[in-house]
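Heads up, upload_19.csv below (CSV, C-alpha atoms):
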chain,number,residue,atom,x,y,z
A,1,MET,CA,0.0,0.0,0.0
A,2,ALA,CA,1.2,3.5,-0.8
A,3,LYS,CA,2.4,5.7,2.0
A,4,ILE,CA,0.1,8.4,3.4
A,5,THR,CA,2.0,11.5,4.4
A,6,GLU,CA,1.1,14.5,6.5
A,7,TYR,CA,1.7,18.1,5.3
A,8,GLN,CA,1.0,21.6,6.7
A,9,THR,CA,-0.6,24.6,5.0
A,10,SER,CA,-1.8,28.0,6.2
A,11,LYS,CA,-5.2,26.4,6.8
A,12,GLY,CA,-3.9,23.6,9.0
A,13,LYS,CA,-2.8,20.0,8.8
A,14,PHE,CA,-3.8,17.7,6.0
A,15,TYR,CA,-2.9,14.2,4.5
A,16,ARG,CA,-2.0,13.1,1.0
A,17,PHE,CA,-0.8,10.1,-1.0
A,18,ARG,CA,0.4,9.0,-4.4
A,19,VAL,CA,-0.5,5.6,-5.9
A,20,TYR,CA,1.7,4.0,-8.6
A,21,ALA,CA,-0.5,2.7,-11.4
A,22,GLY,CA,2.0,1.0,-13.7
A,23,ILE,CA,3.3,2.0,-17.2
A,24,ASP,CA,1.2,3.7,-19.8
A,25,GLU,CA,1.4,1.5,-22.8
A,26,MET,CA,1.0,4.4,-25.3
A,27,THR,CA,3.4,6.8,-23.8
A,28,GLY,CA,5.8,4.5,-22.0
A,29,LYS,CA,5.7,6.8,-18.9
A,30,LYS,CA,4.9,5.8,-15.3
A,31,LYS,CA,1.3,6.5,-14.2
A,32,TYR,CA,0.5,8.0,-10.8
A,33,ILE,CA,-2.7,9.0,-9.0
A,34,LYS,CA,-2.3,11.8,-6.6
A,35,ARG,CA,-4.8,12.8,-3.9
A,36,ALA,CA,-4.5,15.4,-1.2
A,37,GLY,CA,-6.5,17.6,1.1
A,38,PHE,CA,-7.8,14.9,3.5
A,39,LYS,CA,-8.5,16.3,7.0
A,40,THR,CA,-7.8,12.9,8.7
A,41,LYS,CA,-5.5,10.0,8.0
A,42,ALA,CA,-8.5,7.7,8.1
A,43,GLU,CA,-10.2,9.6,5.3
A,44,ALA,CA,-7.0,9.3,3.2
A,45,LYS,CA,-6.7,5.6,3.9
A,46,LYS,CA,-10.3,5.0,2.9
A,47,GLU,CA,-9.8,6.7,-0.5
A,48,LEU,CA,-6.4,5.0,-0.9
A,49,VAL,CA,-7.8,1.5,-0.5
A,50,LYS,CA,-10.6,2.3,-3.0
A,51,LEU,CA,-8.2,3.6,-5.6
A,52,GLU,CA,-5.8,0.6,-5.2
A,53,TYR,CA,-8.7,-1.7,-5.7
A,54,ASP,CA,-9.9,0.1,-8.8
A,55,VAL,CA,-6.4,0.2,-10.3
A,56,SER,CA,-5.7,-3.5,-9.6
A,57,ASN,CA,-9.0,-4.4,-11.4
A,58,GLY,CA,-8.4,-2.1,-14.3
A,59,ASN,CA,-11.3,0.1,-13.5
A,60,TYR,CA,-9.6,3.4,-12.9
A,61,PHE,CA,-7.7,4.4,-16.0
A,62,LYS,CA,-10.1,5.1,-18.8
A,63,PRO,CA,-8.8,6.6,-22.1
A,64,SER,CA,-10.7,9.8,-21.7
A,65,ASP,CA,-9.2,10.3,-18.3
A,66,MET,CA,-5.6,9.8,-19.5
A,67,MET,CA,-5.3,11.7,-22.8
A,68,THR,CA,-5.8,15.4,-23.4
A,69,PHE,CA,-5.8,16.7,-27.0
A,70,LYS,CA,-2.3,18.0,-26.5
A,71,GLU,CA,-1.0,14.6,-25.3
A,72,VAL,CA,-2.6,12.9,-28.4
A,73,TYR,CA,-1.1,15.6,-30.6
A,74,GLU,CA,2.4,14.9,-29.3
A,75,LEU,CA,2.0,11.2,-30.1
A,76,TRP,CA,0.5,12.0,-33.5
A,77,TYR,CA,3.2,14.5,-34.3
A,78,ASP,CA,6.0,12.1,-33.5
A,79,GLN,CA,4.6,9.8,-36.1
A,80,HIS,CA,3.6,12.3,-38.7
A,81,ARG,CA,6.9,14.2,-38.7
A,82,LEU,CA,8.6,11.1,-40.2
A,83,THR,CA,6.3,11.3,-43.3
A,84,VAL,CA,6.8,15.0,-44.3
A,85,LYS,CA,9.6,17.5,-45.0
A,86,GLU,CA,11.1,19.6,-42.3
A,87,SER,CA,9.6,22.8,-43.8
A,88,THR,CA,6.1,21.2,-43.4
A,89,CYS,CA,6.9,20.2,-39.8
A,90,TYR,CA,7.7,23.8,-39.0
A,91,ILE,CA,4.3,24.9,-40.5
A,92,ILE,CA,2.4,22.2,-38.6
A,93,LYS,CA,4.1,23.2,-35.3
A,94,GLN,CA,3.2,26.8,-35.8
A,95,LEU,CA,-0.4,26.0,-36.6
A,96,PHE,CA,-0.8,24.0,-33.5
A,97,LYS,CA,1.1,26.5,-31.3
A,98,LEU,CA,-0.7,29.5,-32.5
A,99,HIS,CA,-4.2,28.3,-33.3
A,100,ILE,CA,-5.1,24.8,-32.2
A,101,LEU,CA,-3.5,24.0,-28.8
A,102,PRO,CA,-4.5,27.3,-27.2
A,103,LYS,CA,-8.2,26.5,-28.0
A,104,ILE,CA,-8.5,22.8,-27.3
A,105,GLY,CA,-5.1,21.5,-26.0
A,106,SER,CA,-6.3,21.0,-22.4
A,107,TYR,CA,-9.5,19.2,-23.3
A,108,ASN,CA,-9.8,15.5,-22.9
A,109,VAL,CA,-10.1,14.2,-26.5
A,110,ASP,CA,-13.3,12.2,-25.5
A,111,ASN,CA,-14.9,15.5,-24.3
A,112,LEU,CA,-14.5,17.3,-27.6
A,113,LYS,CA,-18.2,17.2,-28.5
A,114,LEU,CA,-19.8,18.9,-31.5
A,115,ALA,CA,-20.7,22.2,-29.7
A,116,ILE,CA,-17.0,22.7,-28.7
A,117,CYS,CA,-15.6,21.8,-32.1
A,118,GLN,CA,-18.1,24.1,-33.9
A,119,ARG,CA,-17.2,27.0,-31.6
A,120,VAL,CA,-13.5,26.7,-32.2
A,121,VAL,CA,-13.9,26.3,-35.9
A,122,ASN,CA,-16.0,29.5,-36.0
A,123,GLN,CA,-13.2,31.2,-34.0
A,124,TRP,CA,-10.5,29.9,-36.4
A,125,TYR,CA,-12.5,31.2,-39.3
A,126,LYS,CA,-12.9,34.6,-37.8
A,127,ALA,CA,-9.2,34.8,-37.0
A,128,THR,CA,-7.9,33.5,-40.3
A,129,PRO,CA,-10.6,32.9,-42.9
A,130,SER,CA,-8.1,32.1,-45.7
A,131,SER,CA,-6.5,29.2,-43.8
A,132,TYR,CA,-9.0,28.0,-41.3
A,133,LYS,CA,-9.7,24.8,-43.4
A,134,ASN,CA,-6.0,23.8,-43.1
A,135,ILE,CA,-6.2,24.3,-39.3
A,136,LEU,CA,-9.4,22.3,-39.1
A,137,ALA,CA,-7.8,19.5,-41.1
A,138,TYR,CA,-4.9,19.1,-38.7
A,139,ALA,CA,-7.1,19.2,-35.6
A,140,SER,CA,-9.3,16.6,-37.2
A,141,ALA,CA,-6.2,14.4,-38.0
A,142,VAL,CA,-5.3,14.3,-34.4
A,143,VAL,CA,-8.8,13.2,-33.3
A,144,GLU,CA,-8.7,10.5,-36.1
A,145,TYR,CA,-5.4,9.3,-34.5
A,146,ALA,CA,-7.1,9.2,-31.1
A,147,ILE,CA,-9.8,7.0,-32.6
A,148,LYS,CA,-7.1,4.6,-33.9
A,149,LEU,CA,-5.7,4.5,-30.4
A,150,GLU,CA,-9.2,3.7,-29.1
A,151,ILE,CA,-9.1,6.8,-26.9
A,152,THR,CA,-12.4,8.2,-28.4
A,153,ASN,CA,-15.0,6.9,-30.8
A,154,VAL,CA,-16.2,10.0,-32.7
A,155,ASN,CA,-14.5,12.8,-34.6
A,156,TYR,CA,-16.9,15.7,-34.3
A,157,PHE,CA,-14.6,17.9,-36.4
A,158,LYS,CA,-16.0,16.0,-39.4
A,159,ARG,CA,-19.5,17.0,-38.4
A,160,VAL,CA,-19.1,20.7,-38.0
A,161,THR,CA,-20.8,23.2,-40.3
A,162,LYS,CA,-18.0,24.9,-42.2
A,163,PRO,CA,-18.3,28.7,-42.6
A,164,LYS,CA,-18.5,29.9,-46.1
A,165,SER,CA,-15.1,30.5,-47.5
A,166,THR,CA,-14.3,34.0,-48.8
A,167,PRO,CA,-11.8,34.6,-51.7
A,168,LYS,CA,-8.2,34.8,-50.6
A,169,ARG,CA,-7.8,38.0,-52.5
A,170,SER,CA,-10.3,40.6,-53.8
A,171,ASP,CA,-8.1,41.6,-56.7
A,172,ARG,CA,-6.2,39.5,-59.3
A,173,ASN,CA,-2.9,38.2,-58.2
A,174,TYR,CA,-0.9,38.9,-61.4
A,175,LEU,CA,0.4,41.8,-63.5
A,176,ASP,CA,-0.4,42.4,-67.1
A,177,VAL,CA,2.3,43.2,-69.6
A,178,ASN,CA,2.3,46.9,-69.1
A,179,GLU,CA,2.2,46.6,-65.3
A,180,LEU,CA,5.1,44.2,-65.3
A,181,LYS,CA,7.1,46.5,-67.5
A,182,GLN,CA,6.4,49.4,-65.1
A,183,PHE,CA,7.3,47.2,-62.1
A,184,LEU,CA,10.6,46.2,-63.6
A,185,ALA,CA,11.5,49.7,-64.7
A,186,ILE,CA,11.1,50.9,-61.1
A,187,ALA,CA,13.1,47.9,-59.8
A,188,GLU,CA,15.9,48.7,-62.2
A,189,LYS,CA,16.2,52.2,-60.7
A,190,LYS,CA,16.5,50.7,-57.2
A,191,SER,CA,19.4,48.4,-57.9
A,192,LEU,CA,20.7,45.8,-60.3
A,193,GLN,CA,20.2,43.1,-57.7
A,194,ARG,CA,16.5,43.9,-57.3
A,195,TYR,CA,16.0,44.3,-61.0
A,196,THR,CA,17.7,41.0,-61.8
A,197,LEU,CA,15.8,39.1,-59.0
A,198,PHE,CA,12.3,40.3,-60.1
A,199,ARG,CA,13.0,40.0,-63.8
A,200,LEU,CA,14.1,36.4,-63.2
A,201,LEU,CA,11.1,35.7,-61.0
A,202,ALA,CA,8.7,37.0,-63.7
A,203,TYR,CA,10.4,35.5,-66.7
A,204,SER,CA,11.0,32.1,-65.3
A,205,GLY,CA,7.9,31.3,-63.2
A,206,MET,CA,10.1,30.0,-60.4
A,207,ARG,CA,8.8,29.7,-56.9
A,208,ILE,CA,10.4,32.3,-54.6
A,209,GLY,CA,12.1,29.5,-52.6
A,210,GLU,CA,13.6,28.0,-55.7
A,211,LEU,CA,14.9,31.4,-56.8
A,212,LEU,CA,16.5,32.2,-53.5
A,213,ALA,CA,18.2,28.8,-53.4
A,214,LEU,CA,19.9,29.2,-56.8
A,215,THR,CA,23.7,29.0,-57.0
A,216,TRP,CA,25.8,30.0,-60.0
A,217,ASP,CA,26.5,26.4,-61.0
A,218,ASP,CA,22.8,26.2,-61.7
A,219,ILE,CA,23.1,28.8,-64.4
A,220,ASP,CA,24.2,27.8,-67.9
A,221,PHE,CA,25.1,30.9,-69.8
A,222,VAL,CA,26.1,28.9,-72.9
A,223,ASN,CA,22.8,27.2,-73.4
A,224,ASN,CA,20.7,29.9,-71.7
A,225,THR,CA,19.2,27.4,-69.2
A,226,ILE,CA,18.6,27.4,-65.4
A,227,ASN,CA,18.6,24.1,-63.5
A,228,ILE,CA,15.9,24.0,-60.7
A,229,ASN,CA,17.0,21.3,-58.2
A,230,LYS,CA,16.6,22.8,-54.7
A,231,THR,CA,14.5,25.3,-52.8
A,232,GLN,CA,14.8,27.5,-49.7
A,233,ALA,CA,12.5,26.6,-46.8
A,234,LYS,CA,12.2,26.5,-43.0
A,235,ASP,CA,13.5,23.5,-41.0
A,236,GLU,CA,11.6,22.1,-38.1
A,237,LYS,CA,13.1,24.7,-35.8
A,238,GLY,CA,12.1,27.6,-38.1
A,239,GLN,CA,15.7,28.2,-39.4
A,240,THR,CA,16.0,29.1,-43.1
A,241,THR,CA,17.8,26.3,-45.0
A,242,VAL,CA,18.1,24.7,-48.4
A,243,HIS,CA,16.1,21.6,-49.1
A,244,ASP,CA,15.1,19.3,-51.9
A,245,PRO,CA,12.4,20.7,-54.3
A,246,LYS,CA,8.8,20.7,-53.3
A,247,THR,CA,8.0,17.7,-55.6
A,248,LYS,CA,9.8,15.5,-58.1
A,249,THR,CA,8.2,17.5,-60.9
A,250,SER,CA,9.7,20.6,-59.4
A,251,ILE,CA,13.1,19.4,-60.6
A,252,ARG,CA,13.3,20.9,-64.1
A,253,LEU,CA,15.5,22.7,-66.7
A,254,LEU,CA,14.2,26.1,-67.7
A,255,ASP,CA,15.0,27.6,-71.1
A,256,MET,CA,15.5,31.3,-70.7
A,257,ASP,CA,15.6,34.3,-73.0
A,258,SER,CA,19.0,35.8,-73.9
A,259,GLU,CA,18.2,39.2,-72.5
A,260,THR,CA,17.4,37.9,-69.0
A,261,MET,CA,20.6,35.8,-69.1
A,262,GLN,CA,22.6,39.0,-70.0
A,263,VAL,CA,21.1,40.7,-67.0
A,264,LEU,CA,22.1,37.8,-64.9
A,265,ARG,CA,25.6,38.0,-66.2
A,266,ARG,CA,25.8,41.7,-65.3
A,267,TRP,CA,24.6,40.9,-61.8
A,268,GLN,CA,27.2,38.1,-61.5
A,269,VAL,CA,30.0,40.6,-62.3
A,270,GLN,CA,28.7,43.2,-59.9
A,271,GLN,CA,28.2,40.6,-57.1
A,272,ALA,CA,31.7,39.2,-57.7
A,273,SER,CA,33.3,42.7,-57.4
A,274,TYR,CA,31.5,43.2,-54.1
A,275,LEU,CA,32.5,39.8,-52.7
A,276,LEU,CA,36.1,40.0,-53.8
A,277,LYS,CA,36.5,43.3,-51.8
A,278,ARG,CA,35.4,41.3,-48.8
A,279,GLY,CA,37.8,38.5,-49.4
A,280,ILE,CA,35.2,36.0,-50.5
A,281,ASN,CA,35.8,33.6,-53.5
A,282,ALA,CA,33.2,34.9,-55.9
A,283,MET,CA,33.9,32.2,-58.5
A,284,ALA,CA,32.8,29.3,-56.2
A,285,GLY,CA,30.1,27.3,-58.0
A,286,ASP,CA,28.1,27.0,-54.8
A,287,GLN,CA,27.9,30.8,-54.4
A,288,LEU,CA,24.3,31.9,-54.0
A,289,VAL,CA,23.0,34.0,-56.9
A,290,PHE,CA,21.1,36.3,-54.4
A,291,THR,CA,22.2,36.9,-50.9
A,292,ASN,CA,21.8,39.4,-48.0
A,293,GLN,CA,24.6,41.8,-47.1
A,294,SER,CA,26.4,39.1,-45.1
A,295,ASN,CA,26.4,36.7,-48.1
A,296,ASP,CA,23.9,34.4,-46.4
A,297,LEU,CA,20.5,33.2,-47.6
A,298,LEU,CA,18.2,36.1,-48.5
A,299,GLU,CA,14.9,35.8,-46.7
A,300,PRO,CA,11.6,36.0,-48.7
A,301,LYS,CA,10.5,38.6,-46.2
A,302,SER,CA,13.2,41.0,-47.5
A,303,VAL,CA,12.1,40.4,-51.1
A,304,ARG,CA,8.5,40.9,-50.1
A,305,ASN,CA,9.3,44.3,-48.6
A,306,TRP,CA,11.2,45.3,-51.8
A,307,SER,CA,8.1,44.3,-53.9
A,308,LYS,CA,5.8,46.3,-51.7
A,309,GLN,CA,7.9,49.4,-52.0
A,310,ILE,CA,7.9,49.1,-55.8
A,311,ILE,CA,4.1,48.4,-55.9
A,312,LYS,CA,3.4,51.4,-53.8
A,313,ARG,CA,5.6,53.7,-55.9
A,314,GLY,CA,4.0,52.6,-59.1
A,315,ASN,CA,0.5,52.4,-57.8
A,316,LEU,CA,0.3,48.8,-59.1
A,317,PRO,CA,-1.9,45.9,-58.2
A,318,ASN,CA,-1.0,44.4,-54.8
A,319,VAL,CA,0.4,41.1,-56.0
A,320,THR,CA,2.2,38.7,-53.8
A,321,LEU,CA,5.6,37.2,-54.6
A,322,HIS,CA,3.7,34.1,-55.8
A,323,GLY,CA,1.8,36.5,-58.0
A,324,PHE,CA,4.9,36.8,-60.3
A,325,ARG,CA,4.6,33.0,-60.9
A,326,HIS,CA,0.9,33.6,-61.9
A,327,THR,CA,2.1,36.5,-64.0
A,328,HIS,CA,4.4,34.2,-65.9
A,329,ALA,CA,1.7,31.6,-66.4
A,330,THR,CA,-0.9,34.2,-67.5
A,331,LEU,CA,1.4,35.7,-70.1
A,332,LEU,CA,2.3,32.2,-71.3
A,333,PHE,CA,-1.3,31.4,-71.8
A,334,SER,CA,-2.0,34.7,-73.5
A,335,GLY,CA,0.9,34.0,-75.8
A,336,GLY,CA,-0.7,30.7,-76.9
A,337,ALA,CA,1.2,28.1,-74.7
A,338,SER,CA,-0.7,24.9,-74.0
A,339,VAL,CA,-1.7,23.8,-70.5
A,340,LYS,CA,0.8,21.0,-70.6
A,341,GLU,CA,3.6,23.3,-71.6
A,342,VAL,CA,2.8,25.7,-68.7
A,343,GLN,CA,2.5,22.7,-66.3
A,344,THR,CA,6.0,21.5,-67.2
A,345,ARG,CA,7.6,24.9,-67.0
A,346,LEU,CA,6.1,25.7,-63.6
A,347,GLY,CA,6.8,22.3,-62.2
A,348,HIS,CA,3.2,21.6,-61.2
A,349,SER,CA,2.8,18.0,-60.0
A,350,LYS,CA,-0.9,18.2,-60.7
A,351,VAL,CA,-2.4,19.5,-63.9
A,352,GLN,CA,-5.4,20.8,-61.9
A,353,THR,CA,-3.2,23.4,-60.4
A,354,THR,CA,-2.3,24.7,-63.8
A,355,LEU,CA,-5.9,24.5,-65.0
A,356,ASP,CA,-7.0,26.6,-62.0
A,357,ILE,CA,-4.7,29.4,-63.3
A,358,TYR,CA,-5.9,28.9,-66.9
A,359,THR,CA,-9.6,29.0,-65.8
A,360,HIS,CA,-8.9,32.3,-64.0
A,361,LEU,CA,-7.3,33.7,-67.1
A,362,THR,CA,-10.2,32.7,-69.4
A,363,LYS,CA,-12.7,34.4,-67.0
A,364,GLN,CA,-10.7,37.6,-67.5
A,365,ASP,CA,-10.5,37.1,-71.3
A,366,GLN,CA,-14.3,36.4,-71.5
A,367,LYS,CA,-14.9,40.1,-70.8
A,368,ASP,CA,-13.3,40.9,-74.2
A,369,THR,CA,-15.0,38.1,-76.2
A,370,ILE,CA,-18.0,40.2,-77.4
A,371,GLN,CA,-15.7,43.0,-78.4
A,372,LYS,CA,-13.6,40.6,-80.4
A,373,PHE,CA,-16.7,39.5,-82.2
A,374,VAL,CA,-17.9,43.0,-82.9
A,375,ARG,CA,-14.5,44.0,-84.3
A,376,LEU,CA,-14.5,40.8,-86.5
A,377,MET,CA,-18.0,41.7,-87.9
A,378,GLY,CA,-17.2,45.4,-88.3

This entry written out as structure tokens:
Amino acid sequence: MAKITEYQTSKGKFYRFRVYAGIDEMTGKKKYIKRAGFKTKAEAKKELVKLEYDVSNGNYFKPSDMMTFKEVYELWYDQHRLTVKESTCYIIKQLFKLHILPKIGSYNVDNLKLAICQRVVNQWYKATPSSYKNILAYASAVVEYAIKLEITNVNYFKRVTKPKSTPKRSDRNYLDVNELKQFLAIAEKKSLQRYTLFRLLAYSGMRIGELLALTWDDIDFVNNTININKTQAKDEKGQTTVHDPKTKTSIRLLDMDSETMQVLRRWQVQQASYLLKRGINAMAGDQLVFTNQSNDLLEPKSVRNWSKQIIKRGNLPNVTLHGFRHTHATLLFSGGASVKEVQTRLGHSKVQTTLDIYTHLTKQDQKDTIQKFVRLMG
């Protein structure tokens, strides 16, 4: 039998005990039952005998008593992190840290009834309408894992009424030909580095992470090609590093126009001059094409700030960095490129991703359809 001990508080003398209840099969940790606040030793002994009887007969520990949502999440995450990239792990941890665990982390999983789940889904939608579905999906995945562990029986996150989604952006997320020319003209006045970066982003259709991971040995000035074989991303701890590309189809060789390659060559010469003054071997093949002032990885945040400054100065549509990728695709489609050609160039693993861009473009073009007809008949 466990030992009953006496302790003193400002309110007087009390009794307490701790009962060892074996090893938790799911966590591998020792299980204990603690009780305190008994006014007499007899009361403590009575409760202790009852608990030891329940534990010995397997009647005390019920799954819903043992596992909070946070505890199940930790088990789920240990498994899930082995199936995804480090950059995805970082995103997942941030979603749980900022949105999910503060709302339901302390709940026993078996107590997450429909009313509770619906309330937190509504709160997630109100806080971040563009990404609440992603948050909901991860919360639901943890409860599904709890069902597999036989901790609960029902996933009420699958039964919630989902708030109506609103468009991520009220305006189009790409630039037309004249807007792109204006953007690049402003960028060129800022610096050669910024002009080269944004021109390459728009003329290649690269993802921003792919562009910021480029090294000079990826650039072939003889054949005017760029080899996309890596990307910049966050590791599990949130540090910016270089990883393998997003998907297998992301690995691709891009044909580039000669003028953009000439701009790249000019930037290489200017960068080399700057690096040599600092005693850095500018001719190293693994030298990053774009860096910060310390010759380290340039953060997307910095590029985003540069873009915002140019957009504001030119009074241009508020496109994101990903909008330059859409710009490239839009102009390709306008120039007559096929869906398959655009899919290959952008490195989309699913053709539906390319078709979504194409559908958006055709909706814009439909506004001019009747005018084209009138001009034809005139």

Query raised in the report: Near stretch 130-147 of chain A, counting all atoms listed in the file, which residues have an atom at most 8 Å away, once you skip same-chain residues fewer than 3 positions from it, shown as a ChimeraX atom specification?
Result: /A:69,72-73,76,92,95-96,99-100,109,121,124-125,150-155,157-158,165-168

Query raised in the report: Which one is closest to A:Ala187: A:Ser307, A:Ser56, A:Asn318, A:Ser10? Count all atoms listed in the file.
Result: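 Going through A:Ser307, A:Ser56, A:Asn318, A:Ser10 one by one, the smallest distance to A:Ala187 is for A:Ser307.
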
Query raised in the report: Contacts of A:Thr196 at 12 Å or less, counting only C-alpha atoms, minus same-chain residues fewer than 5 places along, as a list of chain:residue names?
Result: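 Close residues of A:Thr196: A:Leu184, A:Ala185, A:Ile186, A:Ala187, A:Glu188, A:Lys189, A:Lys190, A:Ser191, A:Leu201, A:Ala202, A:Tyr203, A:Ser204, A:Leu211, A:Glu259, A:Thr260, A:Met261, A:Gln262, A:Val263, A:Leu264, A:Arg265, A:Arg266, A:Trp267, A:Gln268, A:Gln270, A:Gln271, A:Val289, A:Phe290.
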
Query raised in the report: What gap, in Å, lies between atom CA of A:Lys85 and atom CA of A:Asp244?
Result: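 The value is 9.0 Å.
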
Requested in this report: Excluding A:Leu212 and residues on its chain fewer than 2 positions from it, collect all residues at most 10 Å away from it, counting all atoms listed in the file, and give them as a ChimeraX atom specification.
Outcome: /A:197,201,206-210,214-215,230-233,242,288-291,297-300,303

**Report entry** Non-local contacts of A:Gly37 (7 Å; only C-alpha atoms; under 3 positions in same chain excluded) as a list of chain:residue names
**Finding:** A:Phe14, A:Tyr15, A:Arg16

Query raised in the report: Nearest to A:Asn178 among A:Leu331, A:Val269, A:Met283, A:Ala115, with distances taken over all atoms listed in the file: which residue is it?
Result: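 For A:Asn178, the nearest of the given residues is A:Leu331.
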
Query raised in the report: Suppose you want the space between atom CA of A:His348 and atom CA of A:Gly335; what is it in Å?
Result: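 That distance, rounded to one decimal, is 19.3 Å.
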
Query - Interatomic distance, atom CA of A:His243 to atom CA of A:Cys89 (Å, one decimal) - result: 13.2 Å

**Report entry** Near-A:Ala282 list (8 Å; only C-alpha atoms; drop same-chain fewer than 5 positions) as an NGL selection string
**Finding:** :A and (271-273 or 275-276 or 287)

Query raised in the report: Taking into account all atoms listed in the file, which residue in the set A:Ala44, A:Lys34, A:Ser338, A:Asp286 is nearest to A:Trp216?
Result: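 Closest to A:Trp216 of all the choices is A:Asp286.
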